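J.: What follows is a structure written as C-alpha cells; I'll ask about it next.
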Amino acid sequence: MNYQVADGILVREANMDDLGQPVVENLVTQYMAGGLSRRQFVKGALALGLGMTAIGSLLAACSSSSNSGSTTPKTGGTLREGYDLDFSRLDPINTNWYDPAFYAVYESLVTNDAAGNYVAQIASSWVVAPDGKKVTFKIRSGLKFQSGATLDAAAIKAVYDGIADPKNGSPLGSVWVPVASTEAPDATTLVINLKHPYFDLFNIVKTGYWDIVNMAFRAQLGDKYGQQGVDGSGPFTLTEWVPGSHTSVKRWDNYPGTGSPFIQNKGKTYLDGIKWTAILDAPQRAIQIQNGEIDTLRGPAFQDITRLQADKNLTVTQLKEWSGYFFTLNFGRKDLGFDDVNVRQALSHAIDRGGIVKALLFSHGEPLYGPITSADKSYTKDVESFNQFDVNKSKSMLAAAGWKAGSDGILTKNGVRFAFEMIIQAESFNQQLGSAIQAQLKTVGVDLKVSALDRGTFFNRAFAIPDSLMFFYLWPVPIDVVTLFVNSANAFGKGPNWSNAVIPKMDQAIAAWQSAANQNDLNAAGKQFQLAVAEQLPFVPIINRDAFWVNRQNVHGWHPDQWNLYPYYNDVWLG
Amino acid sequence: MLLILTISSIVIFYALRSAPGGPSGGGVINPLASQEIRQAYDKRLGLDQPVYTQYFIYLRHLATGDLGASLVNGTPITELLATHARNSLVLGVTALVISYVIAIPLGVLAAVKRNTWVDQLAMGGAILGMGIPNFWLALILVYFFSLRLNLLPSSGCCDPPQLIMPALVLAAEGTAVTMRMTRSSMLEHLSDDFVRALRAKGLPEWNVVIRHVLRNALIPVISLTGLRLGWLIGYALIVETIFRWPGVGYLLVDSVLRRDYPVAQFFSLVLILFVLLANWLADIGYGLANPRIRVA
C-alpha cells in the first residue's frame with residue numbers, strides 16, 4: 001500500500017477513513033467565521049464521513065478559540081495550567097508517562113490534527129513500501145535542537161535505536177519489536193525497516209515516548225536528563241521541573257517554526273512561558289480555576305463539572321479519554337480458581353459498571369466491557385455481549401465451579417474461603433472504586449479486602465504479583481499499552497503482566513495487531529484483540545472516564561482535542 | 001544532642017528501608033518497567049547491599065560534607081535546604097507573629113474584663129482554636145476566602161497573599177494556647193500585693209496592667225515559645241501539605257512517599273535537630289525571663 005503526503009497530510013490510496021484535510025479546514029473556517037451554524041457544521045462534517053467523536057473534538061476546539069474577544073494574538077504572559085497528575089521525568093525514553101510539557105519542549109515525527117489525521121511534525125512526508133515492510137520519512141531540513149545541535153535523520157535514528165537498546169531500559173521496547181533496523185542514508189531521509197508489515201508504527205511514533213531528544217545531550221546528563229535539563233526541538237525550553245509541584249518552560253526564541261499544518265502560528269510562540277501546577281487534591285482544581293489562580297485546567301473532579309459548566313468565566317471541554325480502569329486476578333491463585341476463565345467471568349458479571357459510572361463518574365464516562373474506550377477507531381460493540389452485570393449468572397457460574405456459601409455468606413470450596421486482597425494506589429477515586437467493587441463482589445459471596453498503598457509500595461507489590469491490583473492506564477492508542485498488560489512475554493516480573501496471565505489466544509491477537517498491514521487489518525486485529533480480552537479476561541475491565549478541560553475566557557488558541565493527549569501551545573495567547 | 005541525632009539517624013535509616021517499596025517504585029523508574037530494570041537501578045544506588053553497609057556509606061558521605069541529591073529530581077540537598085528551609089522559616093515566623101499579636105492583647109483584655117462578655121468571647125474563641133483540627137480549619141478558610149469571596153489564593157507559594165491562610169491555620173492553636181496562658185497568668189498577678197500597692201500609689205490602670213502585671217505575666221508565655229517552635233514543626237507537616245507550601249514539612253512528606261531516601265533522611269534529621277534546639281532555647285529563655293531559675 002502506498003501513502004503520499006499533500007500539504008503535510010497522510011493520504012492513503014485505499015481504506016480512506018481519514019479525510020482530506022483542506023476540506024475539513026474549509027468547514028472549520030466557515031464555521032468559525034459564522035458562515036455556518038452548529039447544526040450545518042455537524043451535517044457537513046457527517047457528510048464528509050467524520051465520526052461524532054471527531055466532530056465533538058472539532059467543535060470543542062472551535063468553541064475554545066471562538067471565546068476570543070479579539071482575533072489579533074498578543075505576545076507575552078505566562079500560561080498557568082493546572083494538571084491532575086504528578087509530573088513524570090521529562091525523558092521520553094524512560095519516563096513514567098508523558099505530561100503536557102512534552103508537547104511544549106519536544107516534537108515527534110508525526111502527530112494528529114483535530115480530526116485524527118496523521119500530519120507532519122518533524123517529518124514532512126513519508127511513504128510506506130508496497131510490501132508494508134519499509135517506511136521512509138522525509139525529514140524537514142534545517143532543524144535544530146534547543147541546544148543548537150543539529151536535528152537530522154541521524155539524530156532521529158539515534159533516538160529510535162536507543163529505545164530498542166535494552167541498556168536504556170525503555171519498558172516500551174516490546175512494541176518496537178517489529179522494527180528490524182533504522183537507517184539514515186542522508187540528513188533528510190529516515191528509513192524504518194520492519195520485520196513484517198506494521199501499520200501500527202504511526203500510532204507508536206506519534207506518542208510522547210517516541211519524541212525526538214538529543215541523545216548526545218541525554219548521555220551527557222545521564223540520570224539527570226529529564227530532571228535538570230532537556231534538549232528537544234519543541235517551541236519552549238525547560239526552566240524548572242519539580243515533581244509534586246510544578247514544571248515551567250520559557251519560549252525558545254530560535255524555534256524554527258512548526259511543520260504541522262493545523263497550527264496557525266508558524267513562528268515562535270506568543271507566550272513567554274508556561275507553568276503547569278500539579279493539583280493532586282481533586283476539589284482544589286475547580287477552586288483554583290474559578291478563583292483565577294490558573295488559566296487552564298485538565299481533569300477537574302467529576303462532582304465539580306456541573307458547577308464549572310455554569311460558570312460564565314469558564315469554558316469546559318468534554319472529550320473521550322484514552323484510558324481505562326481494570327483489576328487483575330493472579331492466575332497463580334489456583335485455589336481461588338483465577339486460572340479458570342469461568343471464575344474470572346463470574347466475578348466480572350458481579351460488577352455493575354453502569355452503576356459505577358453513574359455514581360462515581362456522575363455519568364461522565366462509560367462501562368468497559370472490553371479493554372478500550374468506544375472512541376477508538378477499532379472499537380467493536382461485540383465486546384458488550386460479555387461481562388454484563390448479572391448477579392444471578394455470576395452466582396450460578398461460581399456454583400458450577402464448586403463454590404458454596406458458608407455460614408457467613410462467603411463462598412468456600414475445599415475448605416478455602418473465597419477471600420482475597422486487591423491493592424490500589426492511595427488516591428480518593430481509586431478508593432471509591434475499590435470500595436464499590438468490594439461491595440459488589442460481596443453480593444455474590446466473595447470477600448475482597450482493599451488495601452490502599454502509596455505509589456512506591458504499590459509497584460513493589462505489583463511486580464510480586466498480588467492476588468489482585470487495580471490500575472488506570474492512559475495512552476493515545478489504548479490497544480498498544482493494553483498489549484503490555486496481557487502479553488505472556490511480560491508475565492512473571494518481566495513486565496507489567498500483573499496477572500501472570502499466559503493465554504495463547506491473547507498472544508495470537510497481539511501478533512495479529514503487531515503485523516497488520518493496513519488500517520483494515522489493524523481494525524480487524526483490534527477487534528480480535530478486544531474480544532479475546534473481553535472473553536478470556538486476563539484482567540477485568542471496569543470503566544472508562546471522560547476527559548475534561550477547562551479554560552478561562554482570556555485564553556485563546558488553546559485547543560484540547562480528541563486525538564492528542566494534550567493541547568499544543570504554539571497558538572496559545574492570553575487576552 | 002549528638003547522641004540523640006546519631007540514634008535518630010539510625011532509626012530513620014532503618015525505618016525508611018523497612019517500609020515496603022523503594023526508590024524504583026516511587027516514580028523514578030517507569031511503573032511498567034520489568035523487575036530486572038528495577039533491580040539494576042537498586043544495584044546502582046547500592047540498595048542491594050546490607051542496610052548496615054548502606055548506613056556506613058551514608059555516614060562516610062556525611063563526614064565528607066556530601067549530603068547527596070534527590071533521587072527524584074537530582075537537585076542537591078544543599079539547594080533544597082536553602083529554598084525549603086527559607087519557606088518554612090517565613091511561614092513559621094509569620095505564624096508566630098500572628099499568634100502573639102492576637103493572643104497577648106486578647107489574653108490581657110480577657111483577664112482585665114474577667115467574667116464579662118469580652119472574656120467569654122475571647123475564651124470561646126480560644127476553645128475553638130484548640131478544638132478545631134487544623135486541616136478542617138484550612139478547608140473552611142479555602143471555602144470562604146478562595147471559593148466564595150475570591151479574595152485569597154487557595155494554595156501555592158510564595159507571594160504574600162499565598163502566605164495568609166497557611167499562616168493563620170498554623171497560628172490557630174498556638175494563638176488559643178497563648179491567649180489562655182496570658183489570661184491565667186495575668187489573673188494570677190492582678191491580685192498580687194505589689195499590684196494593690198501600685199494602684200494605691202495612684203498609677204493609672206493601664207500603666208499597672210501593661211507595664212507591671214503583663215511584664216510578670218509574660219514569663220511563662222516566653223518560656224512556652226521554645227516549646228511552640230517544636231509544635232510548629234509538627235503542624236507544618238500538615239499545613240504545608242494542605243496548602244502546597246514548599247517548606248521542609250511538605251518536602252519531607254513528599255520524599256517519604258516517593259522513597260527519596262537521601263532527602264527523607266536528611267530532612268528528618270533537620271527537623272529533629274530543630275526540635276532539640278527549640279527545647280534548648282526554651283530552657284535558656286525561661287532562665288532569662290525568670291532570674292530565680294537562673295540563680296537556681
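Letters A, B, ... mark the chains of the C-alpha cells in the order given; residue numbers begin at 1 per chain; ligand numbers begin at 1, in order shown.
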Return the neighbours of chain B among the residues of chain A, cut-off 6 Å, counting only C-alpha atoms, as a list in words.
T.: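 Using only C-alpha atoms, chain A residues at most 6 Å from chain B: Thr95, Asn96, Pro171, Lys224, Gln227, Ile287, Asn291, Arg455, Gly456, Thr457, Phe459, Asn460, Gly493, Lys494, Gly495 and Pro496 of chain A.
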J.: DSSP on the backbone: which residues in range 77-211 of chain A end up as alpha helix (DSSP H)? Give the answer as a list in words.
T.: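 Residues of range 77-211 of chain A classed as alpha helix (DSSP H): Phe102, Tyr103, Ala104, Val105, Ala153, Ala154, Ala155, Ile156, Lys157, Ala158, Val159, Tyr160, Asp161, Gly162, Ile163, Ala164, Leu201, Phe202, Asn203, Ile204 and Val205 of chain A.
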J.: Could the residues in this selection be written to a file with C-alpha atoms, as a PDB file, in the first residue's frame?
T.:
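Everything below was put into out36.pdb:
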ATOM      1  CA  PHE A 102       6.223  17.107  26.416  1.00  0.00           C
ATOM      2  CA  TYR A 103       4.024  18.964  23.926  1.00  0.00           C
ATOM      3  CA  ALA A 104       5.967  22.136  24.663  1.00  0.00           C
ATOM      4  CA  VAL A 105       9.588  21.003  24.730  1.00  0.00           C
ATOM      5  CA  ALA A 153      17.788  11.838  10.253  1.00  0.00           C
ATOM      6  CA  ALA A 154      20.857  10.537  12.088  1.00  0.00           C
ATOM      7  CA  ALA A 155      19.690  12.196  15.318  1.00  0.00           C
ATOM      8  CA  ILE A 156      16.283  10.535  14.982  1.00  0.00           C
ATOM      9  CA  LYS A 157      17.864   7.178  14.231  1.00  0.00           C
ATOM     10  CA  ALA A 158      19.892   7.538  17.431  1.00  0.00           C
ATOM     11  CA  VAL A 159      16.682   8.007  19.437  1.00  0.00           C
ATOM     12  CA  TYR A 160      14.917   5.016  17.928  1.00  0.00           C
ATOM     13  CA  ASP A 161      17.967   2.820  18.312  1.00  0.00           C
ATOM     14  CA  GLY A 162      18.171   3.977  21.913  1.00  0.00           C
ATOM     15  CA  ILE A 163      14.627   2.825  22.589  1.00  0.00           C
ATOM     16  CA  ALA A 164      15.437  -0.562  21.103  1.00  0.00           C
ATOM     17  CA  LEU A 201       4.000   2.107  13.602  1.00  0.00           C
ATOM     18  CA  PHE A 202       2.395   5.535  13.114  1.00  0.00           C
ATOM     19  CA  ASN A 203       0.416   5.104  16.336  1.00  0.00           C
ATOM     20  CA  ILE A 204       3.669   4.371  18.122  1.00  0.00           C
ATOM     21  CA  VAL A 205       5.908   7.134  16.788  1.00  0.00           C
TER      22      VAL A 205
END
J.: Show which residues sit within 8 Å of range 90-96 of chain B, as a PyMOL selection string. Count only C-alpha atoms, and ignore same-chain residues fewer than 2 positions away.
T.: chain B and resi 86-88+98-100+163+166-168+170-171+174+232+236
J.: Convert the current residue selection to file output with N, CA and C atoms, as an mmCIF file, in the first residue's frame.
T.:
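And here's selection_26.cif as it stands now:
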data_model
loop_
_atom_site.group_PDB
_atom_site.id
_atom_site.type_symbol
_atom_site.label_atom_id
_atom_site.label_comp_id
_atom_site.auth_asym_id
_atom_site.auth_seq_id
_atom_site.Cartn_x
_atom_site.Cartn_y
_atom_site.Cartn_z
ATOM 1 N N ARG B 86 14.016 28.205 53.949
ATOM 2 C CA ARG B 86 13.615 29.617 53.913
ATOM 3 C C ARG B 86 12.084 29.725 53.903
ATOM 4 N N ASN B 87 11.444 28.905 53.069
ATOM 5 C CA ASN B 87 9.979 28.964 53.003
ATOM 6 C C ASN B 87 9.348 28.598 54.340
ATOM 7 N N SER B 88 9.889 27.572 54.989
ATOM 8 C CA SER B 88 9.340 27.168 56.284
ATOM 9 C C SER B 88 9.552 28.253 57.332
ATOM 10 N N ILE B 98 1.683 36.394 64.079
ATOM 11 C CA ILE B 98 0.210 36.488 64.110
ATOM 12 C C ILE B 98 -0.298 36.021 65.468
ATOM 13 N N SER B 99 0.252 34.914 65.897
ATOM 14 C CA SER B 99 -0.189 34.298 67.142
ATOM 15 C C SER B 99 -0.031 35.273 68.313
ATOM 16 N N TYR B 100 1.153 35.885 68.447
ATOM 17 C CA TYR B 100 1.385 36.759 69.601
ATOM 18 C C TYR B 100 0.641 38.079 69.476
ATOM 19 N N LEU B 163 0.549 33.489 51.577
ATOM 20 C CA LEU B 163 1.056 33.182 52.916
ATOM 21 C C LEU B 163 -0.041 33.284 53.975
ATOM 22 N N PRO B 166 -2.205 29.798 55.114
ATOM 23 C CA PRO B 166 -1.404 28.819 55.862
ATOM 24 C C PRO B 166 -0.879 29.365 57.181
ATOM 25 N N ALA B 167 -0.527 30.644 57.196
ATOM 26 C CA ALA B 167 -0.010 31.210 58.449
ATOM 27 C C ALA B 167 -1.112 31.275 59.495
ATOM 28 N N LEU B 168 -2.318 31.635 59.071
ATOM 29 C CA LEU B 168 -3.439 31.696 60.024
ATOM 30 C C LEU B 168 -3.729 30.307 60.603
ATOM 31 N N LEU B 170 -1.705 27.764 60.773
ATOM 32 C CA LEU B 170 -0.585 27.327 61.604
ATOM 33 C C LEU B 170 -0.590 28.046 62.951
ATOM 34 N N ALA B 171 -1.123 29.274 62.929
ATOM 35 C CA ALA B 171 -1.112 30.074 64.157
ATOM 36 C C ALA B 171 -2.279 29.742 65.078
ATOM 37 N N GLY B 174 -1.770 27.707 68.460
ATOM 38 C CA GLY B 174 -0.807 28.429 69.293
ATOM 39 C C GLY B 174 -1.422 29.698 69.861
ATOM 40 N N LEU B 232 5.240 23.714 66.195
ATOM 41 C CA LEU B 232 5.055 24.263 64.841
ATOM 42 C C LEU B 232 5.557 23.290 63.776
ATOM 43 N N ALA B 236 3.380 22.038 60.812
ATOM 44 C CA ALA B 236 3.825 22.472 59.477
ATOM 45 C C ALA B 236 3.752 21.324 58.483
#
J.: Neighbouring residues of Leu79 in chain A were defined as those with any atom within 12 Å, considering only C-alpha atoms; residues of the same chain fewer than 2 positions away were excluded. Please report them as a PyMOL selection string.
T.: chain A and resi 75-77+81-82+104+247-251+269-277+292-297+551-552+554-558+569-575
J.: Using CA of Ala111 in chain B and CA of Ile210 in chain B as the two end points, give the distance in Å to one decimal.
T.: 12.0 Å
J.: Would you list, as a PyMOL selection string, the residues of range 45-293 of chain A that end up in strand (DSSP E) under DSSP run on this structure's backbone?
T.: chain A and resi 78-83+110-112+118-120+123-128+134-139+179-186+189-194+236-242+246-251+273-278
J.: Find the distance between CA of Gly354 in chain A and CA of Asp84 in chain A and write it in Å to one decimal.
T.: 24.4 Å
J.: Pick out the residues sitting within 12 Å of Ala489 in chain A, and hand them over as a PDB file with C-alpha atoms, in the first residue's frame; count only C-alpha atoms, and ignore anything fewer than 4 positions along from it in its own chain.
T.:
ATOM      1  CA  GLY A 173      10.648  -1.842  23.788  1.00  0.00           C
ATOM      2  CA  SER A 174       8.147  -4.641  23.222  1.00  0.00           C
ATOM      3  CA  VAL A 175       6.041  -2.502  20.885  1.00  0.00           C
ATOM      4  CA  THR A 483      -0.844  -5.427  24.963  1.00  0.00           C
ATOM      5  CA  LEU A 484       1.802  -4.850  27.628  1.00  0.00           C
ATOM      6  CA  PHE A 485      -0.597  -5.980  30.381  1.00  0.00           C
ATOM      7  CA  GLY A 493       8.092  -9.998  36.607  1.00  0.00           C
ATOM      8  CA  LYS A 494       9.399  -9.429  33.099  1.00  0.00           C
ATOM      9  CA  GLY A 495       6.873  -6.683  32.526  1.00  0.00           C
ATOM     10  CA  PRO A 496       3.508  -5.381  33.623  1.00  0.00           C
ATOM     11  CA  ASN A 497       1.508  -8.577  33.078  1.00  0.00           C
ATOM     12  CA  TRP A 498       0.498  -8.450  36.732  1.00  0.00           C
ATOM     13  CA  ASN A 500       0.781 -13.726  35.247  1.00  0.00           C
ATOM     14  CA  ALA A 501      -1.753 -14.493  32.540  1.00  0.00           C
ATOM     15  CA  VAL A 502      -0.484 -16.805  29.832  1.00  0.00           C
ATOM     16  CA  ILE A 503      -3.236 -17.123  27.250  1.00  0.00           C
ATOM     17  CA  PRO A 504      -2.239 -18.286  23.751  1.00  0.00           C
ATOM     18  CA  MET A 506      -4.118 -13.292  23.641  1.00  0.00           C
ATOM     19  CA  ASP A 507      -0.631 -13.714  22.223  1.00  0.00           C
ATOM     20  CA  ILE A 510      -1.226  -9.323  19.849  1.00  0.00           C
ATOM     21  CA  ALA A 511       0.748 -10.831  16.974  1.00  0.00           C
TER      22      ALA A 511
ATOM     23  CA  SER B  34      10.485  -5.030  34.380  1.00  0.00           C
TER      24      SER B  34
END
J.: One decimal, Å: what's the distance from CA of Pro476 in chain A over to CA of Leu565 in chain A, could you say?
T.: 6.3 Å
J.: Report as an MDAnalysis selection string all protein, DNA and RNA residues lying within 10 Å of Ile272 in chain B, evaluated on only C-alpha atoms, omitting residues in the same chain fewer than 4 positions from it.
T.: chainID B and resid 1 4:5 8:9 230 233 267:268 276:278
J.: Just want the 12 Å neighbourhood of Ile437 in chain A, counted on only C-alpha atoms, with same-chain residues fewer than 6 positions away dropped. Output as a ChimeraX atom specification.
T.: /A:325-327,347-353,355-356,360,421-422,424,430-431,443-444,446-450,468-470,540-543
J.: For range 187-258 of chain B versus range 123-136 of chain B, which residues have an atom no more than 9 Å away, and what is each residue's nearest atom pair and distance in Å rounded to one decimal, using only C-alpha atoms, chain-then-number order, as CSV?
T.:
residue,atom,partner,partner_atom,distance
B:Tyr235,CA,B:Asn134,CA,8.0
B:Ile238,CA,B:Phe135,CA,7.2
B:Val239,CA,B:Phe135,CA,7.0
B:Ile242,CA,B:Phe135,CA,7.2
J.: Write the residues of the selection above to a file with C-alpha atoms, as a PDB file, in the first residue's frame.
T.:
ATOM      1  CA  TYR B 235       1.734  21.214  62.393  1.00  0.00           C
ATOM      2  CA  ILE B 238       0.131  19.090  57.700  1.00  0.00           C
ATOM      3  CA  VAL B 239      -0.371  22.756  56.852  1.00  0.00           C
ATOM      4  CA  ILE B 242      -2.592  21.102  52.516  1.00  0.00           C
TER       5      ILE B 242
END
